[in-house]
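A quick write-up on the structure given underneath.
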Amino acid sequence: MFILFALPGSMQQLKQSETKVSKGAIFQKYHHFSSAATKDSSEEGSEEKQTISVTFVDKDGEEKHIKDVEYYNKLEDPTDEENDMLDLAFGLTETSRLGCQVIATPELDGVRLAIPAHTRNFAVDGYVPKPH
Amino acid sequence: MLKAHQEAEVDIVDRLPTPFGLVRSGVAPDHPETKVVVNQFSRVAQHQRCSFFGNVTLGSSISLAELRELYDVVVLAYGAESDRVLGIPGEDLLGIQSAREFVWWYNGHPDCRCLNPDLKSTDTAVILGQGNVALDVARILLRPPTELATTDISSHALAALEESNIRKVYLVGRRGPVQAACTTKELREVLGIRDLYVHLQKDLVKTPIDEEELKNNRIQRRVYELLTKAATSGPSHPSSGQRELHFVFFRKPDRFFESHERSGYVSGVRLEKTALQGVEPGKQIAIGTNQYEDLGCGSVLKSIGYKSLPVDGLPFDHKKGIVPNIKGRVISDAQKDPPVLEKGLYVCGWLKRGPTGIIGTNHYCAEETVASISEDVERGLVASSASLPKPGREGLLQVLDDRNVRVLPFSAWEKIDSEERRLGSLRNKPREKLVTWEDIMKVAD
């Protein structure tokens, strides 16, 4: 699966040739907290390659209020554990989810994701969260 | 600060030789994932332009006035190392301690090494308060000690808990389940302790004002749902030998009773039933109703909030327990309009906001204070290029040397850290903390 990143604030476009989400240049430049690695393995080695377009809008982006209920409803309901963590999230909205719980599927093509202006997350470089 | 000012040198002064504050002395031993943040803190301390000065106490090693002469900017972030008091009869009886002291004790803080809480002569502990610290204390008292044996809990606390006779723990709140100060994750964890009987009173009433409070507060809503679910589900009595956790709402402590058998020790607490009264939108306080009931216990832990300590030369709001400030800039005279600010003096963290919030709350708080500093630097309100540069790090080292204060740099902590991890590996623990000043200083050498 390919994921195209398009950042309205920066005019950059990046093409990823693997299923893993790259945490590199974009996140360091804009000081984003990065979600944990997405699910892989089931798609690795598969012949079928699909592309979905994902747009991240950071605090410098033009759009301020992204609450796309249509895409939100395509996701599975959050578990108690996710909700417990969302309770403490900065800038929580009705359509907020933890990044690591938004699994890329063909249905999410065209989704636009707003990243909060601040974080209370302290994911540390080099720290590898247990797969969940 | 280091990121915002590429020329700045930043020194961190701590009265303990071990850095990281509450991450080391506050976060519970069975919450190791929360402590991963020390990796980030270590990288900051090891930064070329940063120096850690351990074992240096504000007030006795060096005064605030002296620090302000040595540095362009002084940021006070020393948190809240004292406790709110109830101010009721019997509060000084033995067996009554603050949760802060108890947490420092099980987390190996050298100041509380000799706390010696009595967990043997009683089977009942009453915790006053229902915030996350209260839940931490309850959980440490009620978890099977075998589960704690592989954490970084201090060994003197583990030994005491293994011999503990505490079987019943009460979490007492003045107000109702709608106002409970804990958060969902911690509540869910304590309700899920293995082989624990949990009891809540069935008559948990919710008023229309409560409904209003819940409407706008997601955390409170989910906590309330969890509590009411726990009240109505589960067995109605404990099975034989089972440990018990009781949530008690709408009760405030009126006085403590002294034991007849053991003079000077607490034997119980008188609780007054309360009713809620709205004082402002979204806020209700507990009012006594003159109906009382007594609860027998040999241990009381007060978890009603921390309090900051004032320091010579520092404006302090004794009512709120914080340093008066505007976005981190310390106010010297709030009566004037605009308020007069102290030059080059800032606060951050609990000393600035009051003792609430999680580790991550301080991230945003720090950004705000640094933004204030940066603005002031830009406006020439802090260091002026016209005046002589301040002595800074060299000056501080000189003064401390003259006074024979033994500064422990970050490398000393690294030795302590390495030794703690080595000792821990011998006992299947992530670390075995060094808990006396003597042991710490010996290794730091």
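Lettering and numbering for the structure tokens are positional, with chains as A, B, ... in the shown order, residues counted from 1 in each chain, and ligands counted from 1 in the shown order.
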Item to check | chain B residues near chain A (7 Å cut-off, only C-alpha atoms) as a PyMOL selection string | outcome: chain B and resi 37+40+184-185+218-219+360-361+363
Output file for the residues above (N, CA and C atoms, as a CSV table (one decimal), in the first residue's frame):
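For reference, out-v3.csv as written:
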```csv
chain,number,residue,atom,x,y,z
B,37,VAL,N,10.0,8.8,30.0
B,37,VAL,CA,10.4,10.2,29.7
B,37,VAL,C,11.7,10.6,30.3
B,40,GLN,N,14.3,11.3,27.6
B,40,GLN,CA,14.3,12.7,27.0
B,40,GLN,C,15.0,13.7,28.0
B,184,THR,N,-9.9,8.1,34.4
B,184,THR,CA,-10.4,6.8,34.0
B,184,THR,C,-9.4,5.7,34.1
B,185,LYS,N,-8.2,5.9,33.5
B,185,LYS,CA,-7.2,4.8,33.4
B,185,LYS,C,-6.9,4.3,34.8
B,218,ARG,N,-15.6,15.5,29.8
B,218,ARG,CA,-15.5,14.1,29.3
B,218,ARG,C,-14.9,13.2,30.3
B,219,ILE,N,-13.9,13.7,31.0
B,219,ILE,CA,-13.2,12.8,32.0
B,219,ILE,C,-14.2,12.5,33.1
B,360,GLY,N,2.8,15.5,31.2
B,360,GLY,CA,2.6,16.2,29.9
B,360,GLY,C,2.1,17.6,30.0
B,361,THR,N,1.3,17.9,31.1
B,361,THR,CA,0.7,19.2,31.3
B,361,THR,C,1.9,20.2,31.3
B,363,HIS,N,4.6,20.3,29.7
B,363,HIS,CA,5.2,20.5,28.4
B,363,HIS,C,4.7,21.9,27.9
```
Fewer than 5 positions away in the same chain doesn't count, so skip those; otherwise give me all residues within 12 Å of Gly26 of chain B, counting only C-alpha atoms, as a VMD selection string.
chain B and resid 20 to 21 31 to 32 34 to 35 79 to 81 99 to 109 132 to 134 136 to 137 153 306 358 to 359
Would you kindly return, as a VMD selection string, each protein, DNA or RNA residue with an atom no farther than 10 Å from any atom of segment 193-196 of chain B, considering only C-alpha atoms and excluding same-chain residues fewer than 5 positions away?
chain B and resid 139 142 to 144 167 to 168 188 238 to 239 241 to 245
